[in-house]
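Asker: You'll find final.txt just under this line, and it carries compact mmCIF, C-alpha atoms.
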```
# COMPACT_ATOMS: atom_id res chain seq x y z
CA MET Z 1 0.77 17.79 -36.07
CA ASP Z 2 0.79 20.74 -33.76
CA LEU Z 3 -2.76 21.85 -34.25
CA PRO Z 4 -4.74 18.99 -32.64
CA HIS Z 5 -2.24 18.89 -29.83
CA HIS Z 6 -2.75 22.57 -29.11
CA GLY Z 7 -6.48 22.06 -29.25
CA TYR Z 8 -6.23 19.28 -26.71
CA ARG Z 9 -4.15 21.41 -24.43
CA ALA Z 10 -6.49 24.38 -24.78
CA THR Z 11 -9.53 22.42 -23.66
CA LYS Z 12 -7.77 20.53 -20.88
CA PRO Z 13 -7.33 23.44 -18.43
CA ARG Z 14 -10.84 24.65 -19.19
CA ALA Z 15 -12.41 21.25 -18.62
CA ARG Z 16 -11.01 21.03 -15.11
CA ALA Z 17 -13.52 23.49 -13.68
CA ALA Z 18 -12.21 23.92 -10.14
CA PRO Z 19 -9.33 22.17 -8.49
CA PRO Z 20 -10.48 20.36 -5.35
CA THR Z 21 -10.31 22.95 -2.62
CA ALA Z 22 -10.88 20.40 0.10
CA ASP Z 23 -7.20 19.44 0.05
CA SER Z 24 -5.23 21.09 2.78
CA VAL Z 25 -2.49 23.43 1.76
CA LEU Z 26 0.10 20.85 2.78
CA PHE Z 27 -0.13 18.86 -0.42
CA GLU Z 28 -0.31 21.33 -3.26
CA ASP Z 29 -2.32 19.65 -6.00
CA THR Z 30 -0.11 20.21 -9.02
CA SER Z 31 -2.09 17.77 -11.16
CA SER Z 32 -4.09 20.55 -12.86
CA ALA Z 33 -0.93 22.36 -13.90
CA ALA Z 34 0.95 19.24 -14.91
CA PRO Z 35 -0.58 18.53 -18.35
CA ALA Z 36 0.14 22.10 -19.46
CA MET Z 37 3.74 21.76 -18.34
CA ASN Z 38 4.46 18.37 -19.81
CA SER Z 39 5.87 19.75 -23.02
CA GLN Z 40 8.36 21.92 -21.17
CA GLY Z 41 11.69 20.35 -20.65
CA TYR Z 42 11.66 20.20 -16.87
CA TYR Z 43 9.36 19.08 -14.11
CA THR Z 44 9.06 21.44 -11.13
CA PRO Z 45 6.03 20.85 -8.96
CA GLY Z 46 4.78 24.03 -7.37
CA TYR Z 47 5.92 26.39 -10.11
CA ASN Z 48 2.78 27.70 -11.71
CA MET Z 49 4.42 30.31 -13.91
CA GLY Z 50 4.64 27.90 -16.82
CA ALA Z 51 0.90 27.31 -17.07
CA PRO Z 52 -0.49 30.75 -18.01
CA THR Z 53 2.08 31.38 -20.77
CA SER Z 54 1.41 28.02 -22.42
CA ASP Z 55 -2.32 28.74 -22.30
CA MET Z 56 -1.76 31.99 -24.22
CA GLN Z 57 0.24 30.19 -26.89
CA ALA Z 58 -2.38 27.47 -27.18
CA GLY Z 59 -5.19 30.05 -27.39
CA THR Z 60 -3.80 32.07 -30.30
CA GLY Z 61 -2.81 29.09 -32.38
CA VAL Z 62 -6.14 27.33 -32.31
CA ASP Z 63 -8.60 29.99 -33.51
CA ASN Z 64 -9.15 28.45 -36.92
CA LEU Z 65 -10.17 25.16 -35.29
CA PHE Z 66 -12.86 26.78 -33.19
CA THR Z 67 -14.47 28.68 -36.01
CA ASP Z 68 -15.81 25.30 -37.17
CA PRO Z 69 -19.00 24.99 -35.10
CA MET Z 70 -19.41 21.25 -35.47
CA ALA Z 71 -15.97 20.47 -34.13
CA ASN Z 72 -16.55 23.01 -31.40
CA ALA Z 73 -19.80 21.43 -30.30
CA ALA Z 74 -18.34 17.94 -30.49
CA MET Z 75 -15.41 18.93 -28.30
CA MET Z 76 -17.68 20.55 -25.73
CA TYR Z 77 -19.88 17.48 -25.62
CA GLY Z 78 -16.92 15.18 -25.33
CA SER Z 79 -15.38 17.12 -22.50
CA SER Z 80 -18.64 17.29 -20.56
CA LEU Z 81 -19.11 13.54 -21.02
CA ALA Z 82 -15.60 12.91 -19.78
CA ASN Z 83 -16.32 15.09 -16.76
CA GLN Z 84 -19.42 13.14 -15.91
CA GLY Z 85 -17.56 9.87 -16.19
CA LYS Z 86 -14.78 11.20 -14.01
CA ASP Z 87 -17.21 12.35 -11.32
CA MET Z 88 -18.99 9.03 -11.30
CA VAL Z 89 -15.78 7.05 -11.00
CA ASN Z 90 -14.57 9.31 -8.20
CA LYS Z 91 -17.80 8.87 -6.32
CA GLU Z 92 -17.67 5.10 -6.56
CA ILE Z 93 -14.05 4.87 -5.53
CA SER Z 94 -14.44 7.25 -2.61
CA ARG Z 95 -17.00 4.88 -1.15
CA PHE Z 96 -14.30 2.27 -0.62
CA MET Z 97 -11.23 4.26 0.22
CA SER Z 98 -10.56 7.87 0.86
CA VAL Z 99 -8.76 9.29 -2.14
CA ASN Z 100 -7.35 12.15 -0.09
CA LYS Z 101 -5.62 9.73 2.22
CA LEU Z 102 -4.19 7.94 -0.80
CA LYS Z 103 -2.98 11.23 -2.29
CA TYR Z 104 -0.97 11.84 0.86
CA PHE Z 105 1.10 8.76 0.15
CA PHE Z 106 1.95 9.80 -3.37
CA ALA Z 107 3.01 13.36 -2.55
CA VAL Z 108 6.68 12.69 -3.13
CA ASP Z 109 9.47 14.40 -4.95
CA THR Z 110 12.85 13.35 -6.28
CA ARG Z 111 14.82 14.42 -3.25
CA TYR Z 112 12.61 12.38 -0.94
CA VAL Z 113 12.84 9.29 -3.12
CA LEU Z 114 16.62 9.45 -3.29
CA LYS Z 115 17.00 9.97 0.44
CA LYS Z 116 14.54 7.21 1.24
CA LEU Z 117 16.27 4.72 -1.05
CA MET Z 118 19.58 5.54 0.61
CA ILE Z 119 18.02 5.04 4.05
CA LEU Z 120 16.55 1.72 2.97
CA MET Z 121 19.90 0.43 1.82
CA PHE Z 122 22.03 2.00 4.55
CA PRO Z 123 19.97 2.98 7.58
CA TYR Z 124 22.75 2.92 10.12
CA THR Z 125 23.73 6.58 9.88
CA HIS Z 126 20.21 8.02 9.94
CA GLN Z 127 19.73 9.81 13.22
CA ASP Z 128 16.20 11.04 13.61
CA TRP Z 129 13.42 8.51 12.99
CA GLU Z 130 10.48 10.53 14.30
CA VAL Z 131 7.60 11.22 11.93
CA ARG Z 132 7.03 14.94 12.13
CA TYR Z 133 3.54 16.35 12.59
CA HIS Z 134 1.97 19.64 11.65
CA ARG Z 135 -0.96 20.39 13.94
CA ASP Z 136 -2.00 16.75 14.39
CA THR Z 137 -1.75 15.77 10.75
CA PRO Z 138 1.39 13.98 9.66
CA LEU Z 139 3.56 15.85 7.22
CA PRO Z 140 3.48 14.55 3.65
CA PRO Z 141 6.55 12.72 2.39
CA ARG Z 142 7.74 15.79 0.52
CA GLN Z 143 8.54 17.53 3.77
CA ASP Z 144 9.42 14.64 6.05
CA VAL Z 145 11.80 11.92 5.06
CA ASN Z 146 10.50 9.54 7.72
CA ALA Z 147 6.94 9.52 6.44
CA PRO Z 148 5.86 6.31 4.70
CA ASP Z 149 4.86 6.60 1.08
CA LEU Z 150 3.32 4.30 -1.48
CA TYR Z 151 5.24 5.51 -4.51
CA ILE Z 152 8.45 3.62 -3.77
CA PRO Z 153 6.68 0.32 -2.98
CA THR Z 154 4.55 0.49 -6.12
CA MET Z 155 7.46 1.30 -8.40
CA ALA Z 156 9.66 -1.28 -6.69
CA PHE Z 157 6.96 -3.94 -7.09
CA ILE Z 158 6.64 -3.28 -10.81
CA THR Z 159 10.42 -3.18 -11.22
CA TYR Z 160 10.69 -6.47 -9.35
CA ILE Z 161 8.22 -8.13 -11.71
CA LEU Z 162 10.12 -6.86 -14.75
CA LEU Z 163 13.42 -7.94 -13.25
CA ALA Z 164 12.00 -11.40 -12.50
CA GLY Z 165 10.93 -11.69 -16.12
CA MET Z 166 14.38 -10.68 -17.26
CA ALA Z 167 16.10 -13.11 -14.88
CA LEU Z 168 13.92 -15.96 -16.10
CA GLY Z 169 14.54 -14.93 -19.68
CA ILE Z 170 18.29 -15.05 -19.16
CA GLN Z 171 17.92 -18.61 -17.92
CA LYS Z 172 15.61 -19.44 -20.82
CA ARG Z 173 12.74 -20.27 -18.47
CA PHE Z 174 10.50 -17.41 -19.48
CA SER Z 175 6.88 -17.57 -20.54
CA PRO Z 176 4.18 -14.92 -20.08
CA GLU Z 177 2.24 -17.00 -17.58
CA VAL Z 178 5.26 -17.14 -15.30
CA LEU Z 179 5.31 -13.36 -15.15
CA GLY Z 180 1.70 -13.21 -14.06
CA LEU Z 181 2.31 -15.96 -11.53
CA CYS Z 182 5.29 -14.11 -10.07
CA ALA Z 183 3.30 -10.90 -9.82
CA SER Z 184 0.32 -12.49 -8.11
CA THR Z 185 2.52 -14.47 -5.72
CA ALA Z 186 4.31 -11.33 -4.57
CA LEU Z 187 1.01 -9.47 -4.25
CA VAL Z 188 -0.55 -12.29 -2.23
CA TRP Z 189 2.38 -12.35 0.17
CA VAL Z 190 1.99 -8.61 0.73
CA VAL Z 191 -1.71 -9.07 1.39
CA ILE Z 192 -1.04 -11.94 3.81
CA GLU Z 193 1.56 -9.95 5.67
CA VAL Z 194 -0.66 -6.88 5.97
CA LEU Z 195 -3.58 -9.01 7.18
CA VAL Z 196 -1.45 -10.77 9.79
CA MET Z 197 -0.10 -7.44 11.01
CA LEU Z 198 -3.59 -5.94 11.22
CA LEU Z 199 -4.88 -9.01 13.05
CA SER Z 200 -2.06 -9.00 15.58
CA LEU Z 201 -2.37 -5.26 16.17
CA TYR Z 202 -6.11 -5.68 16.74
CA LEU Z 203 -5.83 -8.69 19.02
CA LEU Z 204 -3.25 -7.12 21.26
CA THR Z 205 -5.20 -3.82 21.34
CA VAL Z 206 -2.25 -1.79 20.26
CA HIS Z 207 -3.62 1.69 19.82
CA SER Z 208 -1.26 2.96 17.19
CA ASP Z 209 -1.99 5.30 14.35
CA LEU Z 210 -0.82 2.82 11.75
CA SER Z 211 -3.46 2.74 9.06
CA THR Z 212 -3.81 0.02 6.44
CA PHE Z 213 -1.96 2.11 3.88
CA ASP Z 214 0.93 2.62 6.30
CA LEU Z 215 1.25 -1.12 6.70
CA ILE Z 216 1.10 -1.65 2.95
CA ALA Z 217 3.84 0.95 2.59
CA TYR Z 218 6.10 -0.68 5.18
CA SER Z 219 5.48 -4.09 3.64
CA GLY Z 220 6.31 -2.79 0.22
CA TYR Z 221 9.70 -1.42 1.17
CA LYS Z 222 11.15 -4.91 1.03
CA TYR Z 223 10.86 -4.89 -2.76
CA VAL Z 224 13.73 -2.45 -2.92
CA GLY Z 225 15.91 -4.97 -1.10
CA MET Z 226 14.64 -7.71 -3.40
CA ILE Z 227 15.57 -5.76 -6.51
CA PHE Z 228 19.07 -5.11 -5.17
CA THR Z 229 19.48 -8.79 -4.29
CA VAL Z 230 18.30 -10.06 -7.66
CA LEU Z 231 20.53 -7.59 -9.50
CA CYS Z 232 23.59 -8.67 -7.55
CA GLY Z 233 22.67 -12.28 -8.12
CA LEU Z 234 22.42 -11.73 -11.84
CA LEU Z 235 25.63 -9.75 -12.07
CA PHE Z 236 27.87 -11.65 -9.68
CA GLY Z 237 26.41 -15.15 -9.54
CA SER Z 238 25.40 -17.12 -6.51
CA ASP Z 239 27.99 -15.60 -4.14
CA GLY Z 240 26.92 -12.09 -4.99
CA TYR Z 241 23.33 -13.12 -4.39
CA PHE Z 242 23.97 -14.32 -0.86
CA VAL Z 243 26.12 -11.33 0.03
CA ALA Z 244 23.47 -8.93 -1.25
CA LEU Z 245 20.79 -10.94 0.54
CA ALA Z 246 22.63 -10.64 3.85
CA TRP Z 247 23.25 -6.93 3.37
CA SER Z 248 19.72 -5.99 2.37
CA SER Z 249 18.21 -8.24 5.07
CA CYS Z 250 20.21 -6.53 7.82
CA ALA Z 251 19.46 -3.08 6.44
CA LEU Z 252 15.76 -3.82 6.08
CA MET Z 253 15.47 -5.38 9.53
CA PHE Z 254 17.14 -2.35 11.08
CA PHE Z 255 14.89 -0.01 9.11
CA ILE Z 256 11.68 -1.83 10.05
CA VAL Z 257 12.56 -2.08 13.73
CA ARG Z 258 13.50 1.59 14.00
CA SER Z 259 10.47 2.78 12.04
CA LEU Z 260 7.86 0.63 13.74
CA LYS Z 261 9.33 1.16 17.17
CA MET Z 262 8.20 4.76 17.04
CA LYS Z 263 4.67 3.82 16.09
CA ILE Z 264 3.92 0.59 17.94
CA LEU Z 265 5.83 1.12 21.16
CA PRO Z 266 4.49 4.46 22.31
CA SER Z 267 5.77 6.66 25.07
CA LEU Z 268 5.22 4.73 28.26
CA SER Z 269 4.20 7.82 30.19
CA SER Z 270 0.75 7.92 28.62
CA ASP Z 271 -0.50 4.45 29.59
CA SER Z 272 1.43 3.48 32.66
CA MET Z 273 -1.33 1.52 34.33
CA GLY Z 274 0.15 -1.18 36.46
CA THR Z 275 -2.32 -3.99 35.92
CA GLY Z 276 -2.56 -4.79 32.26
CA SER Z 277 0.43 -3.20 30.73
CA SER Z 278 3.12 -5.46 32.03
CA ALA Z 279 2.56 -7.93 29.21
CA LYS Z 280 1.88 -5.37 26.57
CA PRO Z 281 5.29 -3.84 25.87
CA GLN Z 282 6.55 -7.39 25.54
CA PHE Z 283 3.95 -8.28 22.94
CA ARG Z 284 4.53 -5.09 21.04
CA LEU Z 285 8.22 -5.86 20.92
CA TYR Z 286 7.38 -9.37 19.68
CA ILE Z 287 5.27 -7.95 16.88
CA THR Z 288 8.02 -5.58 15.79
CA VAL Z 289 10.72 -8.23 15.89
CA ALA Z 290 8.52 -10.81 14.16
CA THR Z 291 7.80 -8.36 11.36
CA ALA Z 292 11.49 -7.65 10.99
CA VAL Z 293 12.47 -11.32 10.96
CA PHE Z 294 9.79 -12.11 8.40
CA GLN Z 295 11.36 -9.78 5.84
CA PRO Z 296 14.55 -11.76 5.05
CA ILE Z 297 12.56 -14.98 4.92
CA ILE Z 298 10.20 -13.62 2.34
CA ILE Z 299 13.01 -11.98 0.37
CA TYR Z 300 14.78 -15.32 0.15
CA TRP Z 301 11.56 -17.14 -0.71
CA LEU Z 302 10.60 -14.83 -3.52
CA THR Z 303 14.01 -14.45 -5.12
CA SER Z 304 15.83 -17.73 -4.75
CA HIS Z 305 14.05 -19.35 -7.65
CA LEU Z 306 15.27 -16.57 -9.91
CA ILE Z 307 18.92 -17.28 -9.19
CA ARG Z 308 19.70 -20.91 -9.68
CA MET Y 309 4.75 -22.02 -3.58
CA ALA Y 310 3.01 -20.15 -6.34
CA PHE Y 311 -0.08 -18.23 -5.36
CA THR Y 312 -2.61 -17.00 -7.78
CA LEU Y 313 -5.29 -14.47 -6.93
CA TYR Y 314 -7.82 -17.25 -7.16
CA THR Y 315 -5.97 -19.09 -4.38
CA LEU Y 316 -6.19 -15.99 -2.23
CA ILE Y 317 -9.94 -15.65 -2.77
CA GLN Y 318 -10.43 -19.34 -2.07
CA THR Y 319 -8.40 -19.10 1.16
CA ALA Y 320 -10.38 -16.08 2.29
CA ILE Y 321 -13.71 -17.78 1.64
CA LEU Y 322 -12.66 -20.96 3.43
CA CYS Y 323 -11.30 -19.14 6.48
CA THR Y 324 -14.37 -16.94 6.80
CA ASN Y 325 -16.59 -19.99 6.47
CA ALA Y 326 -14.62 -21.73 9.18
CA VAL Y 327 -15.09 -18.83 11.58
CA ALA Y 328 -18.75 -18.42 10.72
CA VAL Y 329 -19.75 -22.04 11.47
CA LEU Y 330 -18.61 -21.93 15.09
CA HIS Y 331 -21.94 -22.33 16.80
CA GLU Y 332 -22.57 -20.23 19.87
CA GLU Y 333 -24.38 -22.51 22.25
CA ARG Y 334 -23.37 -25.93 21.01
CA PHE Y 335 -19.68 -25.35 20.90
CA LEU Y 336 -18.30 -22.05 22.08
CA SER Y 337 -20.04 -22.02 25.42
CA LYS Y 338 -18.90 -25.55 26.09
CA ILE Y 339 -15.25 -24.64 25.79
CA GLY Y 340 -15.58 -21.40 27.68
CA TRP Y 341 -15.54 -19.08 24.69
CA GLY Y 342 -19.12 -17.93 24.89
CA VAL Y 343 -20.27 -14.37 24.54
CA ASP Y 344 -20.90 -13.91 28.24
CA GLN Y 345 -17.44 -15.14 29.14
CA GLY Y 346 -15.63 -12.58 27.05
CA VAL Y 347 -16.32 -9.31 28.76
CA GLY Y 348 -14.24 -9.72 31.86
CA GLY Y 349 -12.21 -6.70 32.68
CA PHE Y 350 -13.58 -3.21 32.60
CA GLY Y 351 -10.79 -0.94 31.67
CA ASP Y 352 -9.12 0.23 28.61
CA ASP Y 353 -7.39 -3.05 27.69
CA PRO Y 354 -9.72 -5.98 27.04
CA GLY Y 355 -7.04 -8.64 26.66
CA VAL Y 356 -6.40 -11.17 23.94
CA LYS Y 357 -9.21 -13.63 24.74
CA ALA Y 358 -11.88 -10.95 24.81
CA GLN Y 359 -10.65 -9.58 21.49
CA VAL Y 360 -10.71 -13.02 19.88
CA LEU Y 361 -14.24 -13.71 21.11
CA ASN Y 362 -15.33 -10.28 19.92
CA LEU Y 363 -13.82 -10.96 16.54
CA ILE Y 364 -15.56 -14.33 16.18
CA ARG Y 365 -18.90 -12.88 17.19
CA SER Y 366 -18.63 -9.93 14.81
CA VAL Y 367 -17.52 -12.10 11.90
CA ARG Y 368 -20.54 -14.30 12.52
CA THR Y 369 -22.91 -11.36 12.64
CA VAL Y 370 -21.55 -9.36 9.76
CA MET Y 371 -20.56 -12.03 7.26
CA ARG Y 372 -23.54 -14.37 7.57
CA VAL Y 373 -25.55 -13.02 4.65
CA PRO Y 374 -22.66 -12.19 2.29
CA LEU Y 375 -21.24 -15.66 2.92
CA ILE Y 376 -24.52 -17.24 1.86
CA ILE Y 377 -24.38 -15.32 -1.38
CA VAL Y 378 -20.70 -16.00 -2.04
CA ASN Y 379 -20.96 -19.68 -1.21
CA SER Y 380 -23.95 -20.15 -3.48
CA ALA Y 381 -22.06 -18.42 -6.29
CA CYS Y 382 -19.04 -20.68 -5.67
CA ILE Y 383 -21.20 -23.80 -5.72
CA VAL Y 384 -22.83 -22.83 -8.98
CA LEU Y 385 -19.50 -21.93 -10.59
CA LEU Y 386 -17.82 -25.12 -9.44
CA LEU Y 387 -20.70 -27.20 -10.72
CA LEU Y 388 -20.56 -25.52 -14.08
CA PHE Y 389 -16.83 -25.22 -14.59
CA GLY Y 390 -15.28 -27.89 -12.40
```
Kindly transcribe the structure held in the file into structure tokens.

Answerer:
Amino acid sequence: MDLPHHGYRATKPRARAAPPTADSVLFEDTSSAAPAMNSQGYYTPGYNMGAPTSDMQAGTGVDNLFTDPMANAAMMYGSSLANQGKDMVNKEISRFMSVNKLKYFFAVDTRYVLKKLMILMFPYTHQDWEVRYHRDTPLPPRQDVNAPDLYIPTMAFITYILLAGMALGIQKRFSPEVLGLCASTALVWVVIEVLVMLLSLYLLTVHSDLSTFDLIAYSGYKYVGMIFTVLCGLLFGSDGYFVALAWSSCALMFFIVRSLKMKILPSLSSDSMGTGSSAKPQFRLYITVATAVFQPIIIYWLTSHLIR
Amino acid sequence: MAFTLYTLIQTAILCTNAVAVLHEERFLSKIGWGVDQGVGGFGDDPGVKAQVLNLIRSVRTVMRVPLIIVNSACIVLLLLFG
């Protein structure tokens, strides 16, 4: 019915006492306005006009619920309990990873996702690969199409698992354990790749600003190619699979080399010492090329068993 | 090659154990990988060998106690559940 729903929406904006003001203005935190706007037909981050009007409607329609003191007290208690739980969870999680840094990677919008997917599949016409900065902090993905994000890799990973289940189901080889096995295999390969990259960057003392999340993002972009390959394999048979594999491998290798070149091979004017640096640009190039060559191998490894 | 998460944990434990049992004076010094042989060049780029030696020494220092705990837990679990 409408009434409990309005009651839920009326308490929700009140329960969020203060939006976190520690975020910089670059990523506007639209999460506090989002639940109030969910029932509207559209999704526009950054428009806050929808929130106050829906609060008014919710306030007038819910008076007869709040005249009941027991329900009132129970709702207050419940919301304060939920707040305490939320604070505790946030505190525990922020001990392991910085949630602000993670929020940066999910600050995406539709236009960015579409452009990024097009670049991943056809990177040859993209001109400017520099990640733009704003006073020493990198711009969030909403404002810079070259910034890495974690939204596309996460969604592509989940889509890949679902697609693998569907492909196995079509060939009558499906069982729920296989789905879990496929998911954990793909996850383990990502972890291995990120660890090897981190280890090689550490051993060769490459002072780049690639954080762990950046590497996870760049490793996760191959799932988009995998999805495209598996789809073509399912639709067009074995020939379509190999054609799509070749196309997405070339596109992904080009993308990885161009993206990582900016970060790993820095401007040579800053560290142009003569003694130690003669071997270093070579090794950095090796790392970039090895990462790029690894992508088609892993795409083939993880998808060939789905297309027999 | 199907990996489960358990395989990943097992691999991590085995690799960390392997790095942690490299004894300093019985083995590493004999092959020229001791602590005193790592810090060669003073400058901003230590080089691959110094980084590797640094890594081995830090893994040994940091992971000694957690590895004891994790290995004991593994032994107990393997005894109980095979």

Asker: Measuring between only C-alpha atoms, which one of Y:Thr319, Y:Gln359, Y:Asn325, Y:Thr369 shows the shortest distance to chain Z?

Answerer: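 When distances to chain Z are compared using only C-alpha atoms, the smallest one comes from Y:Gln359.
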
Asker: Quick check, in Å to one decimal: how far apart do atom CA of Thr159 of chain Z and atom CA of Phe228 of chain Z lie?

Answerer: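 Between atom CA of Thr159 of chain Z and atom CA of Phe228 of chain Z the gap works out to 10.7 Å.
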
Asker: Given only C-alpha atoms, how would the per-residue table for chain Z near chain Y read, listing every residue at most 7 Å away with its closest atom pair and distance in Å to one decimal, sorted by chain and number, as a Markdown table?

Answerer:
```
| residue | atom | partner | partner_atom | distance |
| --- | --- | --- | --- | --- |
| Z:Leu181 | CA | Y:Thr312 | CA | 6.3 |
| Z:Ser184 | CA | Y:Thr312 | CA | 5.4 |
| Z:Thr185 | CA | Y:Phe311 | CA | 4.6 |
| Z:Val188 | CA | Y:Phe311 | CA | 6.7 |
| Z:Leu203 | CA | Y:Gln359 | CA | 5.5 |
| Z:Leu204 | CA | Y:Val356 | CA | 5.8 |
| Z:Thr205 | CA | Y:Asp353 | CA | 6.8 |
| Z:Gly276 | CA | Y:Asp353 | CA | 6.9 |
```

Asker: State, in Å with one decimal place, the distance from atom CA of Ala246 of chain Z to atom CA of Val224 of chain Z.

Answerer: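 For atom CA of Ala246 of chain Z relative to atom CA of Val224 of chain Z, the distance reads 13.9 Å.
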
Asker: Between Z:Ala82, Z:Cys250, Z:Val206, Z:Leu306, which is the closest to Arg284 of chain Z once you count only C-alpha atoms?

Answerer: Z:Val206
